[in-house]
Every structure is written in structure tokens, then in C-alpha cells.
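One file, run.cif, carrying mmCIF, C-alpha atoms and all ligand atoms:
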data_upload
loop_
_atom_site.label_atom_id
_atom_site.label_comp_id
_atom_site.auth_asym_id
_atom_site.auth_seq_id
_atom_site.Cartn_x
_atom_site.Cartn_y
_atom_site.Cartn_z
CA MET A 10 7.48 5.14 13.16
CA LYS A 11 4.36 7.16 13.96
CA TYR A 12 4.14 10.63 12.49
CA GLU A 13 1.03 12.85 12.41
CA PRO A 14 0.75 15.21 9.40
CA THR A 15 -0.02 18.93 9.71
CA HIS A 16 -3.27 20.33 8.32
CA LEU A 17 -1.20 22.00 5.56
CA GLU A 18 0.32 18.66 4.56
CA ILE A 19 -3.13 17.08 4.34
CA PHE A 20 -4.42 20.05 2.33
CA LEU A 21 -1.49 19.91 -0.13
CA THR A 22 -1.88 16.14 -0.55
CA ARG A 23 -5.58 16.60 -1.26
CA LEU A 24 -4.73 19.26 -3.84
CA ALA A 25 -2.19 16.96 -5.54
CA PHE A 26 -4.80 14.20 -5.51
CA LEU A 27 -7.35 16.47 -7.23
CA LEU A 28 -4.82 17.64 -9.83
CA CYS A 29 -2.88 14.42 -10.51
CA GLY A 30 -5.10 11.65 -9.10
CA LYS A 31 -5.68 9.89 -12.38
CA SER A 32 -2.11 9.88 -13.70
CA VAL A 33 -0.40 9.06 -10.38
CA TYR A 34 -2.80 6.95 -8.33
CA GLN A 35 -5.41 5.58 -10.71
CA ALA A 36 -2.73 4.29 -13.07
CA PHE A 37 -1.28 2.19 -10.21
CA ALA A 38 -4.72 1.08 -8.95
CA ASP A 39 -5.77 -0.04 -12.43
CA ARG A 40 -2.72 -2.29 -12.79
CA LEU A 41 -3.42 -4.25 -9.58
CA PRO A 42 -4.35 -7.83 -10.53
CA LEU A 43 -7.96 -7.81 -9.23
CA ASP A 44 -11.19 -9.33 -10.53
CA GLY A 45 -13.53 -7.42 -8.20
CA ARG A 46 -14.23 -10.09 -5.53
CA GLU A 47 -11.05 -9.92 -3.45
CA ARG A 48 -10.35 -8.85 0.10
CA VAL A 49 -7.62 -6.23 -0.29
CA LEU A 50 -5.34 -4.37 2.14
CA ASP A 51 -4.04 -0.84 1.50
CA PHE A 52 -1.07 -0.69 3.87
CA GLY A 53 -0.19 2.95 4.72
CA CYS A 54 -3.30 4.31 2.99
CA GLY A 55 -2.64 7.97 3.84
CA MET A 56 -5.62 10.05 2.73
CA GLY A 57 -6.86 7.25 0.45
CA THR A 58 -5.34 8.45 -2.81
CA VAL A 59 -4.99 4.92 -4.23
CA ALA A 60 -7.85 3.43 -2.20
CA TYR A 61 -10.28 5.83 -3.89
CA TYR A 62 -9.63 4.07 -7.21
CA VAL A 63 -9.19 0.53 -5.82
CA ALA A 64 -12.56 0.62 -3.99
CA LYS A 65 -14.29 1.18 -7.36
CA ARG A 66 -12.63 -2.00 -8.65
CA LEU A 67 -14.08 -4.15 -5.84
CA PRO A 68 -17.87 -4.27 -6.45
CA GLN A 69 -18.10 -7.65 -4.72
CA GLY A 70 -14.94 -7.37 -2.66
CA HIS A 71 -13.70 -5.50 0.37
CA LEU A 72 -10.93 -2.99 1.02
CA THR A 73 -9.17 -2.50 4.37
CA CYS A 74 -7.41 0.86 4.68
CA LEU A 75 -4.71 0.70 7.33
CA ASP A 76 -2.58 3.54 8.62
CA ILE A 77 -0.58 4.10 11.76
CA SER A 78 -1.65 7.78 11.81
CA GLU A 79 -5.02 8.84 13.14
CA ARG A 80 -5.05 12.07 11.11
CA TRP A 81 -4.26 10.36 7.82
CA LEU A 82 -6.91 7.75 8.53
CA ASN A 83 -9.50 10.46 9.27
CA ALA A 84 -8.60 12.14 5.98
CA CYS A 85 -9.01 8.75 4.30
CA ARG A 86 -12.50 8.30 5.78
CA LYS A 87 -13.40 11.65 4.22
CA THR A 88 -12.03 10.71 0.78
CA LEU A 89 -13.90 7.38 0.79
CA ARG A 90 -17.12 8.50 2.46
CA SER A 91 -19.27 7.43 -0.51
CA TYR A 92 -18.13 3.77 -0.41
CA GLY A 93 -19.68 1.00 1.67
CA ASN A 94 -17.10 -1.76 1.13
CA ILE A 95 -14.32 -0.39 3.34
CA THR A 96 -12.90 -0.99 6.81
CA PHE A 97 -10.57 1.59 8.39
CA LEU A 98 -7.90 0.32 10.72
CA GLN A 99 -5.51 2.35 12.80
CA CYS A 100 -2.93 -0.23 13.77
CA GLU A 101 0.43 -1.73 12.81
CA ALA A 102 1.03 -4.64 10.47
CA PRO A 103 1.87 -7.20 13.20
CA GLN A 104 -1.71 -6.84 14.50
CA LEU A 105 -3.22 -8.13 11.22
CA ALA A 106 -4.94 -11.53 11.24
CA ASN A 107 -3.18 -14.34 9.36
CA GLU A 108 -4.29 -15.26 5.82
CA SER A 109 -7.01 -12.62 5.69
CA PHE A 110 -6.29 -10.90 2.33
CA ASP A 111 -6.16 -11.94 -1.32
CA ALA A 112 -4.02 -8.91 -2.13
CA ALA A 113 -2.12 -6.16 -0.32
CA TYR A 114 -0.44 -3.08 -1.73
CA CYS A 115 1.91 -0.42 -0.38
CA HIS A 116 2.13 2.83 -2.31
CA PHE A 117 5.09 5.01 -1.32
CA VAL A 118 5.13 3.62 2.22
CA LEU A 119 7.88 1.04 2.75
CA HIS A 120 10.87 3.24 1.81
CA ASP A 121 10.02 5.55 4.76
CA ILE A 122 10.03 2.75 7.34
CA PRO A 123 13.34 2.05 9.13
CA GLU A 124 14.95 -1.31 8.41
CA ASN A 125 14.42 -2.69 11.94
CA GLU A 126 10.70 -1.93 11.65
CA LEU A 127 10.51 -3.42 8.14
CA GLU A 128 11.80 -6.64 9.69
CA ARG A 129 8.49 -6.84 11.59
CA VAL A 130 6.22 -5.22 8.98
CA ILE A 131 7.07 -7.34 5.93
CA PRO A 132 6.71 -10.76 7.65
CA ALA A 133 3.37 -9.55 9.06
CA LEU A 134 2.20 -8.46 5.59
CA ALA A 135 3.26 -11.85 4.19
CA ARG A 136 1.40 -13.71 6.95
CA SER A 137 -1.73 -11.63 6.36
CA LEU A 138 -1.96 -12.88 2.76
CA LYS A 139 -3.82 -16.04 1.84
CA PRO A 140 -1.80 -18.71 -0.02
CA GLY A 141 -1.56 -17.54 -3.63
CA GLY A 142 -2.18 -13.93 -2.49
CA VAL A 143 -0.48 -10.97 -4.13
CA LEU A 144 1.74 -8.21 -2.68
CA VAL A 145 2.38 -5.12 -4.79
CA PHE A 146 4.58 -2.22 -3.81
CA ARG A 147 5.57 1.01 -5.53
CA GLU A 148 8.53 2.91 -4.11
CA PRO A 149 10.82 5.70 -5.37
CA LEU A 150 13.58 4.23 -7.53
CA ASN A 151 16.27 6.45 -6.01
CA GLU A 152 15.82 4.69 -2.63
CA THR A 153 18.14 1.95 -3.88
CA GLU A 154 19.38 0.66 -0.51
CA LYS A 155 15.90 0.53 1.01
CA ILE A 156 14.52 -1.19 -2.08
CA ASN A 157 17.19 -3.88 -1.71
CA VAL A 158 16.19 -4.38 1.95
CA ILE A 159 12.51 -4.60 0.97
CA LYS A 160 13.20 -7.16 -1.79
CA ARG A 161 15.35 -9.28 0.54
CA LEU A 162 12.73 -9.34 3.29
CA VAL A 163 9.89 -10.03 0.86
CA GLU A 164 11.73 -12.98 -0.68
CA GLN A 165 12.75 -14.34 2.74
CA ASN A 166 9.06 -14.51 3.58
CA ARG A 167 8.13 -16.93 0.80
CA LEU A 168 6.86 -14.35 -1.61
CA PHE A 169 7.99 -14.96 -5.18
CA HIS A 170 8.75 -12.27 -7.67
CA LYS A 171 6.26 -12.17 -10.53
CA ASP A 172 6.80 -8.87 -12.27
CA SER A 173 8.45 -5.44 -11.99
CA ARG A 174 8.26 -2.24 -13.95
CA ILE A 175 9.64 1.27 -13.69
CA THR A 176 7.08 4.04 -13.95
CA ASP A 177 7.79 7.71 -14.48
CA ILE A 178 5.36 9.53 -12.19
CA PRO A 179 4.55 13.22 -12.76
CA ILE A 180 6.36 15.38 -10.12
CA MET A 181 7.45 12.32 -8.07
CA GLY A 182 9.95 10.90 -10.59
CA ASN A 183 10.79 7.27 -11.36
CA ALA A 184 9.38 4.53 -9.16
CA LEU A 185 9.80 0.77 -9.00
CA GLU A 186 6.57 -1.21 -9.02
CA SER A 187 6.88 -4.90 -8.10
CA VAL A 188 4.41 -7.77 -7.84
CA TYR A 189 5.05 -10.80 -5.59
CA ILE A 190 2.95 -13.93 -5.06
CA LYS A 191 2.69 -15.86 -1.80
CA HIS A 192 3.53 -19.50 -2.30
CA ASN A 193 0.46 -21.66 -1.86
CA GLY A 194 1.91 -24.53 0.14
CA GLY A 195 4.36 -27.34 -0.52
CA LEU A 196 7.82 -26.70 -1.87
CA PRO A 197 8.41 -23.74 -4.20
C1 LIG B 1 4.03 8.92 1.96
S1 LIG B 1 2.52 8.43 2.73
C2 LIG B 1 1.74 7.52 1.40
C3 LIG B 1 0.25 7.47 1.54
C4 LIG B 1 -0.49 6.79 0.38
N1 LIG B 1 -0.15 5.40 0.28
C5 LIG B 1 -0.22 7.53 -0.90
O1 LIG B 1 0.53 7.04 -1.74
O2 LIG B 1 -0.76 8.64 -1.07
C6 LIG B 1 3.03 7.12 3.85
C7 LIG B 1 1.89 6.66 4.74
O3 LIG B 1 2.30 5.46 5.43
C8 LIG B 1 1.91 5.55 6.79
N2 LIG B 1 2.81 4.69 7.59
C9 LIG B 1 4.12 4.89 7.83
N3 LIG B 1 4.62 3.89 8.60
C10 LIG B 1 3.58 3.03 8.82
C11 LIG B 1 3.46 1.81 9.54
N4 LIG B 1 4.51 1.26 10.18
N5 LIG B 1 2.26 1.20 9.57
C12 LIG B 1 1.20 1.75 8.93
N6 LIG B 1 1.24 2.92 8.24
C13 LIG B 1 2.43 3.54 8.18
C14 LIG B 1 2.00 7.03 7.12
O4 LIG B 1 1.25 7.40 8.25
C15 LIG B 1 1.49 7.66 5.81
O5 LIG B 1 0.10 7.81 5.83
#

Using the file provided, produce a representation of the structure as C-alpha cells.
Ligand SMILES: C[S@@+](CC[C@H](N)C(=O)[O-])C[C@H]1O[C@@H](n2cnc3c(N)ncnc32)[C@H](O)[C@@H]1O
Amino acid sequence: MKYEPTHLEIFLTRLAFLLCGKSVYQAFADRLPLDGRERVLDFGCGMGTVAYYVAKRLPQGHLTCLDISERWLNACRKTLRSYGNITFLQCEAPQLANESFDAAYCHFVLHDIPENELERVIPALARSLKPGGVLVFREPLNETEKINVIKRLVEQNRLFHKDSRITDIPIMGNALESVYIKHNGGLP
């Protein structure tokens, strides 16, 4: 569902990023299982809060920042202007090429997407991963019903649960962080 933020919303998000960037976004970025050479997708990048820290972890890799919103993507370009290893994409998940990423992450994105749209988004994210690729999401823990939908769709798309943790995020409260691996062929 496309929604364009107001200038105030972008300003407040940038302020929160400056004040809490390390504890909220860097902590998540640092836990992503990366060795620095991967092709990574930030799905629903917003103004690049997480991407700012992930890009630093990819000296020989590449980060694609995808958002449905033109304004958020423009704000993201501004946040990441000093990096050279980034592609910005304004599109929807079903337009992604198959098996193009080693890892994809969604940070506070999926819980906001209606179930009928998730039924297109999650299979597309799964298809965009290479065999053995990793999907990580972090969503508010109080969105119990939506989290159950997300887990069901992820598992129906041959992604296998590897790890989960609950993190207590300043201001935002408890969130569920889960890691899934795409099966790399043959029977599970
Ligand atoms: C709450 S913001 C989170 C932004 C960023 N990940 C963060 O944690 O700061 C959700 C973002 O997801 C984007 N979004 C929502 N639905 C989307 C979709 N179907 N495809 C791509 N981006 C989407 C929104 O435009 C927005 O930028």
C-alpha cells in the first residue's frame, strides 16, 4: 500500500536516527549474518536508517535499497550519499529478479502491509534470494496476528527457521527478530 510521508515525518525520523541510530538500527545491522561480500536487499528501506550501517559492512558487496515511496527513497539517497556500493529501487517486491540476493532484511516493514499484499510480497522476497540465502525480519512483538501470518507465508515459501530473539528497543518497545534460510535445492 503506497503512502508518501510528510516533510515533518521525514524530519522526525531523521532526528530519531541521529539520537538513537546506534542502539536501534546499528544493533540490528550488526547482527545480520554477513561477511562483507554479499549482495543484500533492504526491503522497505525508508530513509536508510538500517542501510546506513549495513552499507559499512559490505566493503566488497552491494546493497539494494528498495522502497515503494519516492519520498522515502529520496531521503534514503541523502542518508547514503557517501557510499558507492548502493542501488536505489522504487518498485514492489514482485518486480525483483529471481535469485539475485544472498540476504534480504525487512526492518519494521512487514507488519504494516495488509495480508493480501503479503501474499505477493513474501513469495517474491523468497524467490529473490539465492539458494542458501538469508531472510531476516524485525517486527513489533505486539503485532501478534500479523507476525503469525508472516511466519506462515515465510515457511510456505521454503524458508526454514534458523533463529529468533526478542529485542527491547528504546522508545519502540519489544520486537521479534527472526532469521530464515532458503533451502538450497533437493528435499528439506
Ligand atoms: C515504518 S517504515 C520503516 C523504514 C525502515 N526500514 C526503518 O526501519 O527505519 C516502513 C517502510 O516500508 C515501506 N513500504 C511499505 N510497504 C511497502 C511495499 N509493499 N514495498 C516496498 N516498501 C514498502 C514504506 O514506504 C516505508 O518506507

Selection within 9 Å of ligand LIG 1 (chain B) by only C-alpha atoms and all ligand atoms, output as a ChimeraX atom specification: /A:10-14,22,26,33-34,51-60,75-82,99-102,114-123,126-127,130,147

Keeping only C-alpha atoms, write the selected residues as a PDB file, in the coordinates of the input.
ATOM      1  CA  MET A  10       7.480   5.140  13.160  1.00  0.00           C
ATOM      2  CA  LYS A  11       4.360   7.160  13.960  1.00  0.00           C
ATOM      3  CA  TYR A  12       4.140  10.630  12.490  1.00  0.00           C
ATOM      4  CA  GLU A  13       1.030  12.850  12.410  1.00  0.00           C
ATOM      5  CA  PRO A  14       0.750  15.210   9.400  1.00  0.00           C
ATOM      6  CA  THR A  22      -1.880  16.140  -0.550  1.00  0.00           C
ATOM      7  CA  PHE A  26      -4.800  14.200  -5.510  1.00  0.00           C
ATOM      8  CA  VAL A  33      -0.400   9.060 -10.380  1.00  0.00           C
ATOM      9  CA  TYR A  34      -2.800   6.950  -8.330  1.00  0.00           C
ATOM     10  CA  ASP A  51      -4.040  -0.840   1.500  1.00  0.00           C
ATOM     11  CA  PHE A  52      -1.070  -0.690   3.870  1.00  0.00           C
ATOM     12  CA  GLY A  53      -0.190   2.950   4.720  1.00  0.00           C
ATOM     13  CA  CYS A  54      -3.300   4.310   2.990  1.00  0.00           C
ATOM     14  CA  GLY A  55      -2.640   7.970   3.840  1.00  0.00           C
ATOM     15  CA  MET A  56      -5.620  10.050   2.730  1.00  0.00           C
ATOM     16  CA  GLY A  57      -6.860   7.250   0.450  1.00  0.00           C
ATOM     17  CA  THR A  58      -5.340   8.450  -2.810  1.00  0.00           C
ATOM     18  CA  VAL A  59      -4.990   4.920  -4.230  1.00  0.00           C
ATOM     19  CA  ALA A  60      -7.850   3.430  -2.200  1.00  0.00           C
ATOM     20  CA  LEU A  75      -4.710   0.700   7.330  1.00  0.00           C
ATOM     21  CA  ASP A  76      -2.580   3.540   8.620  1.00  0.00           C
ATOM     22  CA  ILE A  77      -0.580   4.100  11.760  1.00  0.00           C
ATOM     23  CA  SER A  78      -1.650   7.780  11.810  1.00  0.00           C
ATOM     24  CA  GLU A  79      -5.020   8.840  13.140  1.00  0.00           C
ATOM     25  CA  ARG A  80      -5.050  12.070  11.110  1.00  0.00           C
ATOM     26  CA  TRP A  81      -4.260  10.360   7.820  1.00  0.00           C
ATOM     27  CA  LEU A  82      -6.910   7.750   8.530  1.00  0.00           C
ATOM     28  CA  GLN A  99      -5.510   2.350  12.800  1.00  0.00           C
ATOM     29  CA  CYS A 100      -2.930  -0.230  13.770  1.00  0.00           C
ATOM     30  CA  GLU A 101       0.430  -1.730  12.810  1.00  0.00           C
ATOM     31  CA  ALA A 102       1.030  -4.640  10.470  1.00  0.00           C
ATOM     32  CA  TYR A 114      -0.440  -3.080  -1.730  1.00  0.00           C
ATOM     33  CA  CYS A 115       1.910  -0.420  -0.380  1.00  0.00           C
ATOM     34  CA  HIS A 116       2.130   2.830  -2.310  1.00  0.00           C
ATOM     35  CA  PHE A 117       5.090   5.010  -1.320  1.00  0.00           C
ATOM     36  CA  VAL A 118       5.130   3.620   2.220  1.00  0.00           C
ATOM     37  CA  LEU A 119       7.880   1.040   2.750  1.00  0.00           C
ATOM     38  CA  HIS A 120      10.870   3.240   1.810  1.00  0.00           C
ATOM     39  CA  ASP A 121      10.020   5.550   4.760  1.00  0.00           C
ATOM     40  CA  ILE A 122      10.030   2.750   7.340  1.00  0.00           C
ATOM     41  CA  PRO A 123      13.340   2.050   9.130  1.00  0.00           C
ATOM     42  CA  GLU A 126      10.700  -1.930  11.650  1.00  0.00           C
ATOM     43  CA  LEU A 127      10.510  -3.420   8.140  1.00  0.00           C
ATOM     44  CA  VAL A 130       6.220  -5.220   8.980  1.00  0.00           C
ATOM     45  CA  ARG A 147       5.570   1.010  -5.530  1.00  0.00           C
TER      46      ARG A 147
END

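The spacing separating CA of Glu47 (chain A) from CA of Gln165 (chain A) amounts to 25.0 Å.
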
Counting all atoms listed in the file, the option among A:Arg174, A:Arg167, A:Arg66, A:Lys87 closest to Glu148 (chain A): A:Arg174

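Residues with any atom within 12 Å of Thr153 (chain A), counting all atoms listed in the file and excluding same-chain neighbours fewer than 3 positions away, are His120, Glu148, Pro149, Leu150, Ile156, Asn157, Val158, Ile159, Lys160, Asn183, Ala184 and Leu185 of chain A.
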
Could you save the residues just selected, with C-alpha atoms, as a short mmCIF file (atom, residue, chain, number, x, y, z; two decimals), in the coordinates of the input?
data_model
loop_
_atom_site.label_atom_id
_atom_site.label_comp_id
_atom_site.auth_asym_id
_atom_site.auth_seq_id
_atom_site.Cartn_x
_atom_site.Cartn_y
_atom_site.Cartn_z
CA HIS A 120 10.87 3.24 1.81
CA GLU A 148 8.53 2.91 -4.11
CA PRO A 149 10.82 5.70 -5.37
CA LEU A 150 13.58 4.23 -7.53
CA ILE A 156 14.52 -1.19 -2.08
CA ASN A 157 17.19 -3.88 -1.71
CA VAL A 158 16.19 -4.38 1.95
CA ILE A 159 12.51 -4.60 0.97
CA LYS A 160 13.20 -7.16 -1.79
CA ASN A 183 10.79 7.27 -11.36
CA ALA A 184 9.38 4.53 -9.16
CA LEU A 185 9.80 0.77 -9.00
#

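Checking A:Glu18, A:Glu124, A:Glu152, A:Asp111 one by one against Lys191 (chain A), counting all atoms listed in the file, you find the shortest gap at A:Asp111.
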
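You will find CA of Arg90 (chain A) at 14.0 Å from CA of Val63 (chain A).
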
Among the residues A:Ile19, A:Ala38, A:Ala25, A:Leu105, the one that comes closest to Cys85 (chain A) [using all atoms listed in the file]: A:Ile19

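One distance worth recording is that between CA of Leu43 (chain A) and CA of Leu89 (chain A), which is 19.1 Å.
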
Would you place a box with edges along x, y and z of the file around all atoms of region 127-140 of chain A listed there, add 3 Å to each of its six sides, and report the centre and edge lengths in Å to one decimal, as JSON?
{"center_x": 4.0, "center_y": -11.1, "center_z": 5.8, "size_x": 21.6, "size_y": 21.3, "size_z": 17.6}
